[in-house]
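File shown here: work-v2.txt, holding compact mmCIF, C-alpha atoms.
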```txt
# COMPACT_ATOMS: atom_id res chain seq x y z
CA MET R 1091 17.16 7.39 4.01
CA ALA R 1092 15.57 6.28 0.74
CA THR R 1093 18.87 5.18 -0.80
CA ASP R 1094 19.43 2.76 2.09
CA MET R 1095 16.23 0.83 1.49
CA CYS R 1096 17.48 -1.28 -1.38
CA PRO R 1097 20.87 -2.43 -2.67
CA ALA R 1098 22.25 0.12 -5.13
CA GLU R 1099 22.28 -2.31 -8.05
CA CYS R 1100 18.61 -3.20 -7.50
CA LEU R 1101 17.60 0.46 -7.35
CA ASP R 1102 19.56 1.09 -10.53
CA GLN R 1103 17.70 -1.71 -12.27
CA LEU R 1104 14.33 -0.45 -11.08
CA VAL R 1105 15.03 3.09 -12.22
CA HIS R 1106 16.33 2.07 -15.62
CA VAL R 1107 14.03 -0.83 -16.46
CA GLU R 1108 12.19 -0.42 -19.73
CA VAL R 1109 8.43 -0.88 -19.57
CA GLU R 1110 6.96 -2.14 -22.82
CA LYS R 1111 4.01 -0.14 -24.07
CA GLU R 1112 1.87 -3.16 -24.84
CA ARG R 1113 2.30 -4.54 -21.32
CA ARG R 1114 0.66 -2.10 -19.00
CA LEU R 1115 1.07 -2.29 -15.25
CA SER R 1116 -1.30 -1.56 -12.45
CA ILE R 1117 0.71 -0.48 -9.43
CA THR R 1118 -0.87 -0.08 -6.04
CA GLY R 1119 0.07 -0.10 -2.39
CA THR R 1120 -2.61 -1.35 -0.02
CA THR R 1121 -4.09 -4.82 0.26
CA TRP R 1122 -7.58 -3.37 -0.15
CA THR R 1123 -6.84 -1.65 -3.46
CA GLN R 1124 -4.76 -4.56 -4.69
CA GLU R 1125 -7.79 -6.84 -4.53
CA LEU R 1126 -10.04 -4.20 -6.10
CA VAL R 1127 -7.68 -3.42 -8.99
CA TRP R 1128 -7.06 -7.11 -9.72
CA LEU R 1129 -10.76 -7.92 -9.81
CA LEU R 1130 -11.59 -4.96 -12.05
CA LYS R 1131 -8.91 -6.04 -14.53
CA ASN R 1132 -9.91 -9.71 -14.41
CA ASN R 1133 -13.61 -9.50 -15.23
CA LEU R 1134 -14.61 -9.69 -11.55
CA ASP R 1135 -13.53 -13.33 -11.45
CA TYR R 1136 -14.04 -13.98 -7.72
CA ASP R 1137 -13.52 -17.70 -8.15
CA LYS R 1138 -10.11 -17.24 -9.73
CA ALA R 1139 -9.16 -14.70 -7.06
CA SER R 1140 -10.14 -17.10 -4.27
CA LYS R 1141 -7.83 -19.79 -5.67
CA SER R 1142 -4.73 -17.60 -5.80
CA MET R 1143 -3.12 -15.81 -2.88
CA LEU R 1144 -2.73 -12.07 -3.36
CA PRO R 1145 1.10 -12.22 -3.14
CA GLU R 1146 0.99 -14.65 -6.08
CA ARG R 1147 -1.07 -12.24 -8.16
CA TYR R 1148 1.20 -9.24 -7.50
CA ILE R 1149 4.92 -8.70 -7.85
CA PHE R 1150 6.16 -6.95 -4.71
CA THR R 1151 9.10 -4.66 -5.50
CA GLY R 1152 10.14 -4.32 -1.86
CA VAL R 1153 10.28 -7.95 -0.78
CA ARG R 1154 14.07 -7.76 -0.24
CA GLN R 1155 13.59 -4.84 2.14
CA LEU R 1156 11.42 -6.74 4.61
CA THR R 1157 13.07 -6.65 8.02
CA ASN R 1158 11.92 -10.13 9.03
CA THR R 1159 14.35 -12.40 7.17
CA GLU R 1160 12.17 -15.48 7.63
CA LEU R 1161 9.24 -13.65 6.07
CA GLN R 1162 11.46 -12.48 3.23
CA ALA R 1163 12.65 -16.03 2.61
CA ILE R 1164 9.11 -17.41 2.38
CA LEU R 1165 7.99 -14.72 -0.05
CA THR R 1166 11.01 -15.25 -2.29
CA GLU R 1167 10.65 -19.04 -2.43
CA ARG R 1168 8.45 -18.87 -5.52
CA ARG R 1169 9.74 -15.56 -6.87
CA PRO R 1170 13.46 -15.16 -6.12
CA SER R 1171 14.05 -12.25 -8.51
CA VAL R 1172 11.82 -9.18 -8.78
CA MET R 1173 13.43 -8.15 -12.06
CA GLU R 1174 12.97 -11.61 -13.55
CA ALA R 1175 9.34 -11.64 -12.43
CA LEU R 1176 8.75 -8.25 -14.04
CA GLU R 1177 10.22 -9.46 -17.31
CA ASN R 1178 8.32 -12.75 -17.42
CA ALA R 1179 4.90 -11.85 -16.02
CA PRO R 1180 2.00 -11.92 -18.50
CA SER R 1181 0.24 -8.73 -19.45
CA PRO R 1182 -1.13 -6.87 -17.64
CA ARG R 1183 1.41 -7.06 -14.84
CA PHE R 1184 0.21 -6.26 -11.34
CA ILE R 1185 2.74 -4.73 -8.99
CA LYS R 1186 2.68 -3.91 -5.30
CA ASN R 1187 5.05 -1.10 -4.52
CA HIS R 1188 6.14 0.99 -1.52
CA PHE R 1189 9.03 2.81 -3.18
CA PRO R 1190 8.63 6.51 -4.02
CA LEU R 1191 8.13 7.39 -7.68
CA SER R 1192 11.69 8.72 -7.92
CA LEU R 1193 12.98 5.16 -7.39
CA LEU R 1194 10.79 3.63 -10.09
CA PRO R 1195 11.29 3.58 -13.88
CA ARG R 1196 11.60 7.11 -15.24
CA ASN R 1197 9.10 6.40 -18.02
CA LEU R 1198 6.60 4.73 -15.71
CA LEU R 1199 3.70 7.17 -15.97
CA ASP R 1200 4.01 7.40 -19.73
CA ILE R 1201 2.94 3.81 -20.26
CA ALA R 1202 1.76 2.42 -16.92
CA LYS R 1203 -1.21 3.14 -14.69
CA VAL R 1204 -0.47 3.86 -11.06
CA VAL R 1205 -2.96 3.80 -8.21
CA TYR R 1206 -1.47 5.73 -5.31
CA VAL R 1207 -3.26 5.43 -1.97
CA ALA R 1208 -2.59 8.16 0.59
CA ARG R 1209 -3.63 7.91 4.22
CA ASP R 1210 -3.47 10.08 7.31
CA PRO R 1211 0.09 9.47 8.59
CA ARG R 1212 -1.15 9.00 12.14
CA ASP R 1213 -3.19 5.99 11.03
CA VAL R 1214 -0.30 4.88 8.83
CA ALA R 1215 2.01 4.86 11.85
CA VAL R 1216 -0.40 2.73 13.89
CA SER R 1217 -0.94 0.28 11.03
CA TYR R 1218 2.79 0.07 10.35
CA TYR R 1219 3.52 -0.56 14.03
CA LYS R 1220 0.92 -3.33 14.25
CA TYR R 1221 2.33 -4.92 11.12
CA MET R 1222 5.86 -4.85 12.53
CA LYS R 1223 4.67 -6.41 15.79
CA LEU R 1224 2.76 -9.09 13.91
CA PHE R 1225 5.91 -10.20 12.11
CA LYS R 1226 8.01 -10.19 15.29
CA ASN R 1227 10.08 -7.08 14.68
CA ASP R 1228 11.54 -5.64 17.89
CA VAL R 1229 10.23 -2.07 17.61
CA GLY R 1230 9.68 -1.21 21.26
CA ASN R 1231 6.54 0.59 22.38
CA PHE R 1232 4.38 2.70 20.09
CA LYS R 1233 5.61 6.04 21.43
CA LEU R 1234 9.17 5.15 20.51
CA PHE R 1235 8.03 3.88 17.11
CA TRP R 1236 6.17 7.15 16.50
CA ARG R 1237 9.31 9.18 17.24
CA LEU R 1238 11.26 7.09 14.73
CA PHE R 1239 8.43 7.45 12.20
CA ILE R 1240 8.35 11.27 12.23
CA LYS R 1241 12.15 11.48 12.22
CA ASP R 1242 12.24 9.36 9.02
CA LEU R 1243 14.27 6.62 10.70
CA LEU R 1244 12.18 3.66 9.51
CA HIS R 1245 12.03 1.71 6.26
CA TRP R 1246 10.05 3.45 3.47
CA SER R 1247 10.82 6.86 4.94
CA PRO R 1248 10.59 9.79 4.51
CA PHE R 1249 6.79 9.81 4.57
CA PHE R 1250 6.05 13.29 3.25
CA THR R 1251 8.67 13.28 0.50
CA HIS R 1252 7.13 10.04 -0.78
CA LEU R 1253 3.63 11.49 -0.56
CA LYS R 1254 4.38 14.83 -2.19
CA GLU R 1255 6.12 13.22 -5.17
CA ALA R 1256 2.85 11.48 -6.05
CA TRP R 1257 0.67 14.48 -5.14
CA ALA R 1258 2.61 16.66 -7.59
CA LEU R 1259 1.69 14.20 -10.38
CA ARG R 1260 -1.96 13.70 -9.37
CA HIS R 1261 -3.26 15.28 -12.60
CA HIS R 1262 -1.29 12.95 -14.87
CA PRO R 1263 -3.77 10.83 -16.86
CA HIS R 1264 -2.02 7.63 -15.75
CA MET R 1265 -2.02 8.50 -12.05
CA LEU R 1266 -4.97 7.89 -9.76
CA PHE R 1267 -4.25 9.58 -6.44
CA ILE R 1268 -6.84 8.44 -3.93
CA PHE R 1269 -7.27 8.79 -0.19
CA TYR R 1270 -7.81 5.75 2.00
CA GLU R 1271 -10.35 7.84 3.92
CA ASP R 1272 -12.43 8.27 0.76
CA LEU R 1273 -12.35 4.53 0.11
CA SER R 1274 -13.59 3.96 3.64
CA LYS R 1275 -16.28 6.64 3.49
CA ASP R 1276 -17.70 6.04 0.00
CA LEU R 1277 -16.41 2.82 -1.52
CA PRO R 1278 -19.02 2.67 -4.35
CA SER R 1279 -17.94 6.06 -5.71
CA CYS R 1280 -14.29 5.07 -5.46
CA ILE R 1281 -14.98 1.83 -7.33
CA LYS R 1282 -16.59 3.80 -10.16
CA ARG R 1283 -13.68 6.20 -10.24
CA MET R 1284 -11.14 3.38 -10.28
CA ALA R 1285 -13.01 1.43 -12.95
CA THR R 1286 -13.07 4.50 -15.19
CA PHE R 1287 -9.36 5.06 -14.60
CA LEU R 1288 -8.60 1.44 -15.52
CA GLY R 1289 -10.84 1.52 -18.60
CA GLU R 1290 -13.40 -0.92 -17.19
CA LYS R 1291 -17.18 -0.76 -16.90
CA VAL R 1292 -19.14 -1.93 -13.87
CA THR R 1293 -22.87 -2.06 -13.25
CA ASP R 1294 -24.57 -0.96 -10.05
CA GLU R 1295 -25.19 -4.61 -9.20
CA GLN R 1296 -21.52 -5.43 -9.67
CA ILE R 1297 -20.54 -2.53 -7.44
CA VAL R 1298 -22.82 -3.79 -4.68
CA LYS R 1299 -21.19 -7.23 -4.88
CA LEU R 1300 -17.72 -5.71 -4.93
CA CYS R 1301 -18.49 -3.67 -1.83
CA GLN R 1302 -19.68 -6.79 -0.03
CA HIS R 1303 -16.56 -8.67 -1.08
CA LEU R 1304 -14.31 -5.81 0.07
CA SER R 1305 -16.03 -5.17 3.40
CA ILE R 1306 -13.58 -5.46 6.27
CA ASP R 1307 -15.51 -8.32 7.88
CA ASN R 1308 -15.45 -10.37 4.67
CA PHE R 1309 -11.90 -9.31 3.89
CA ARG R 1310 -10.72 -10.52 7.28
CA LYS R 1311 -12.26 -13.95 6.59
CA ASN R 1312 -10.90 -14.20 3.03
CA PRO R 1313 -7.92 -16.62 3.04
CA SER R 1314 -6.62 -15.35 -0.29
CA VAL R 1315 -5.94 -11.88 1.16
CA ASN R 1316 -5.75 -12.18 4.98
CA LEU R 1317 -2.28 -13.80 4.96
CA GLU R 1318 -3.23 -16.38 7.59
CA TRP R 1319 -1.16 -18.95 5.70
CA LEU R 1320 1.84 -16.68 6.23
CA THR R 1321 1.21 -15.41 9.76
CA ARG R 1322 0.76 -18.99 10.99
CA ARG R 1323 4.33 -19.68 9.87
CA VAL R 1324 6.16 -16.53 10.93
CA GLY R 1325 3.69 -14.30 12.76
CA ASP R 1326 3.27 -13.58 16.45
CA PRO R 1327 0.20 -15.57 17.61
CA ASP R 1328 -0.51 -12.94 20.27
CA ALA R 1329 -0.51 -10.00 17.85
CA GLU R 1330 -3.50 -8.57 15.99
CA SER R 1331 -4.35 -10.14 12.63
CA PHE R 1332 -2.98 -8.80 9.34
CA ILE R 1333 -6.41 -7.47 8.36
CA ARG R 1334 -7.32 -5.40 11.40
CA LYS R 1335 -10.13 -2.83 11.70
CA GLY R 1336 -9.72 -0.86 8.50
CA LYS R 1337 -11.19 2.23 10.09
CA CYS R 1338 -10.11 5.85 9.89
CA GLY R 1339 -9.10 7.84 12.94
CA GLY R 1340 -8.04 4.79 14.92
CA TRP R 1341 -4.84 6.62 15.80
CA GLN R 1342 -6.78 8.46 18.55
CA GLU R 1343 -6.81 5.23 20.58
CA HIS R 1344 -2.99 5.16 20.62
CA PHE R 1345 -1.88 8.82 20.87
CA ASP R 1346 -1.52 10.75 24.11
CA GLU R 1347 -1.82 14.56 24.24
CA GLU R 1348 1.89 15.11 23.60
CA MET R 1349 1.88 12.86 20.52
CA THR R 1350 -1.31 14.47 19.20
CA ALA R 1351 0.18 17.95 19.40
CA GLN R 1352 3.42 16.71 17.92
CA ALA R 1353 1.57 15.13 14.99
CA GLN R 1354 -0.42 18.27 14.26
CA GLN R 1355 2.70 20.41 14.16
CA TRP R 1356 4.57 17.87 12.01
CA MET R 1357 1.72 17.60 9.51
CA ARG R 1358 1.18 21.36 9.27
CA GLU R 1359 4.87 22.00 8.67
CA ASN R 1360 5.13 19.39 5.95
CA LEU R 1361 1.87 20.19 4.16
CA SER R 1362 2.13 23.96 4.17
CA ASP R 1363 3.83 24.14 0.78
CA CYS R 1364 1.85 21.74 -1.39
CA GLY R 1365 -1.92 22.27 -0.98
CA LEU R 1366 -2.57 18.69 0.11
CA ARG R 1367 -5.15 18.17 2.83
CA PHE R 1368 -6.24 14.86 4.26
CA PRO R 1369 -10.02 14.32 4.40
CA ASP R 1370 -11.70 15.48 7.61
CA THR R 1371 -8.65 17.46 8.78
CA ASP R 1372 -7.83 21.17 8.58
CA PHE R 1373 -4.16 20.54 7.75
```

Take the structure in the file and write it out as structure tokens.
Amino acid sequence: MATDMCPAECLDQLVHVEVEKERRLSITGTTWTQELVWLLKNNLDYDKASKSMLPERYIFTGVRQLTNTELQAILTERRPSVMEALENAPSPRFIKNHFPLSLLPRNLLDIAKVVYVARDPRDVAVSYYKYMKLFKNDVGNFKLFWRLFIKDLLHWSPFFTHLKEAWALRHHPHMLFIFYEDLSKDLPSCIKRMATFLGEKVTDEQIVKLCQHLSIDNFRKNPSVNLEWLTRRVGDPDAESFIRKGKCGGWQEHFDEEMTAQAQQWMRENLSDCGLRFPDTDF
């Protein structure tokens, strides 16, 4: 499935691109960690962050793989070429990425810092479904979407192959493997950990302010990250907002008994060989 997510020539360029040592990258996946990483690397300049939309601060490697063509067109208006953007962006370059590590530059972890955020796949499926509905993708009901998700028949599949590639490299000094559940449960500790990883120092007072800035309520109201400017143009007005609840375990509101049992079996089978366990689960 992975080889179908991007034109072959684009994948070839991504895999073979040379990353200059003096131009480090910070690569992350979720909106939450994007904002955190950018602020830590920009002297906690909240004013500057508020004046620039998050998609303008990050190069998104997967923009051409978005299934909503209108959304894709809007996001490529200012940045038509990912490769050109990578070459011309000032240092440090900030990149949003959903591709697995095997489809990124082979020398990436030697000279770039990667923040990899893992999340319980049941919550991932719900979040992914809500996102697809928001941007008017015809994905049917959630039960159908879940079946496609666990059969690796959606974009960015297969989930566990992607996850285990990063997990296997979690001890690399340039890889920060972090769980979304830990961010939600103890954000101050995660901020300290991320700051250390990125070579930055933060005071207790700065951490308090960062936590306030990153709280879901404030995040939802923040026009530089909530994508209201985009959802007003191409989003479904009846769908949930881009920044939703941000909570862990929300999948329980969407799964019936059959899906719950199915998920448990699927997760146990795929995690049995790698030692990875999601927080607050026994598999």

Mind giving me the axis-aligned box for segment 1279-1288 of chain R with 3 Å on every side, centre plus edges in Å to one decimal, as JSON?
```
{"center_x": -13.3, "center_y": 3.8, "center_z": -10.5, "size_x": 15.3, "size_y": 10.8, "size_z": 16.1}
```

field: Separation of atom CA of Val1207 of chain R from atom CA of Lys1254 of chain R, in Å and rounded to one decimal
entry: 12.1 Å

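Between His1262 of chain R and the residues R:Ile1201, R:Pro1180, R:Phe1309, R:Trp1122, the shortest atom-to-atom distance, using only C-alpha atoms, involves R:Ile1201.
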
- request: Identify, on the basis of all atoms listed in the file, every residue whose closest approach to Val1292 of chain R does not exceed 10 Å; exclude the query and any residue fewer than 3 positions from it along the same chain; express the result as a PyMOL selection string.
  value: chain R and resi 1130+1133-1134+1281-1282+1285-1286+1295-1297+1300

- prompt: Which is closest to Asn1178 of chain R among R:Leu1259, R:Leu1194, R:Leu1144, R:Ile1149, if we use only C-alpha atoms?
  reply: R:Ile1149

- prompt: How many Å separate atom CA of Lys1131 of chain R from atom CA of Phe1287 of chain R?
  reply: 11.1 Å

Selected residue of minimal separation from Phe1267 of chain R among R:Gln1342, R:Thr1123, R:Asp1307, R:Val1214, counting only C-alpha atoms: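 So, comparing all the options, the nearest one is R:Thr1123.
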
task: Fewer than 2 positions away in the same chain doesn't count, so skip those; otherwise give me all residues within 10 Å of Arg1147 of chain R, counting all atoms listed in the file, as JSON, numbers by chain.
output: {"R": [1124, 1125, 1128, 1139, 1142, 1143, 1144, 1145, 1149, 1150, 1179, 1183, 1184, 1185, 1186]}

Top pick for closest residue to His1261 of chain R, considering R:Lys1275, R:Tyr1136, R:Val1204, R:Arg1237 and counting all atoms listed in the file: R:Val1204

Counting all atoms listed in the file, the residue of R:Glu1174, R:Asp1210, R:Glu1359, R:Glu1290 that sits nearest Val1127 of chain R: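 Closest candidate: R:Glu1290.
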
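Among the candidates R:Arg1310, R:Lys1291, R:Ile1268, R:Val1216, the one nearest to Leu1129 of chain R when counting all atoms listed in the file is R:Lys1291.
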
task: Find the residues near Gly1339 of chain R: any atom within 10 Å, counting all atoms listed in the file, skip ones fewer than 5 places away on the same chain, and give them as a ChimeraX atom specification.
output: /R:1210,1212-1213,1271,1370

Atoms to include: C-alpha atoms. Write the selected residues as a compact mmCIF listing (two decimals), in the frame of the given file.
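Output file result_6.txt is given in full below:
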```txt
# COMPACT_ATOMS: atom_id res chain seq x y z
CA ASP R 1210 -3.47 10.08 7.31
CA ARG R 1212 -1.15 9.00 12.14
CA ASP R 1213 -3.19 5.99 11.03
CA GLU R 1271 -10.35 7.84 3.92
CA ASP R 1370 -11.70 15.48 7.61
```

task: Report the distance between atom CA of Leu1253 of chain R and atom CA of Phe1368 of chain R in Å, rounded to one decimal place.
output: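 Separation of atom CA of Leu1253 of chain R and atom CA of Phe1368 of chain R: 11.5 Å.
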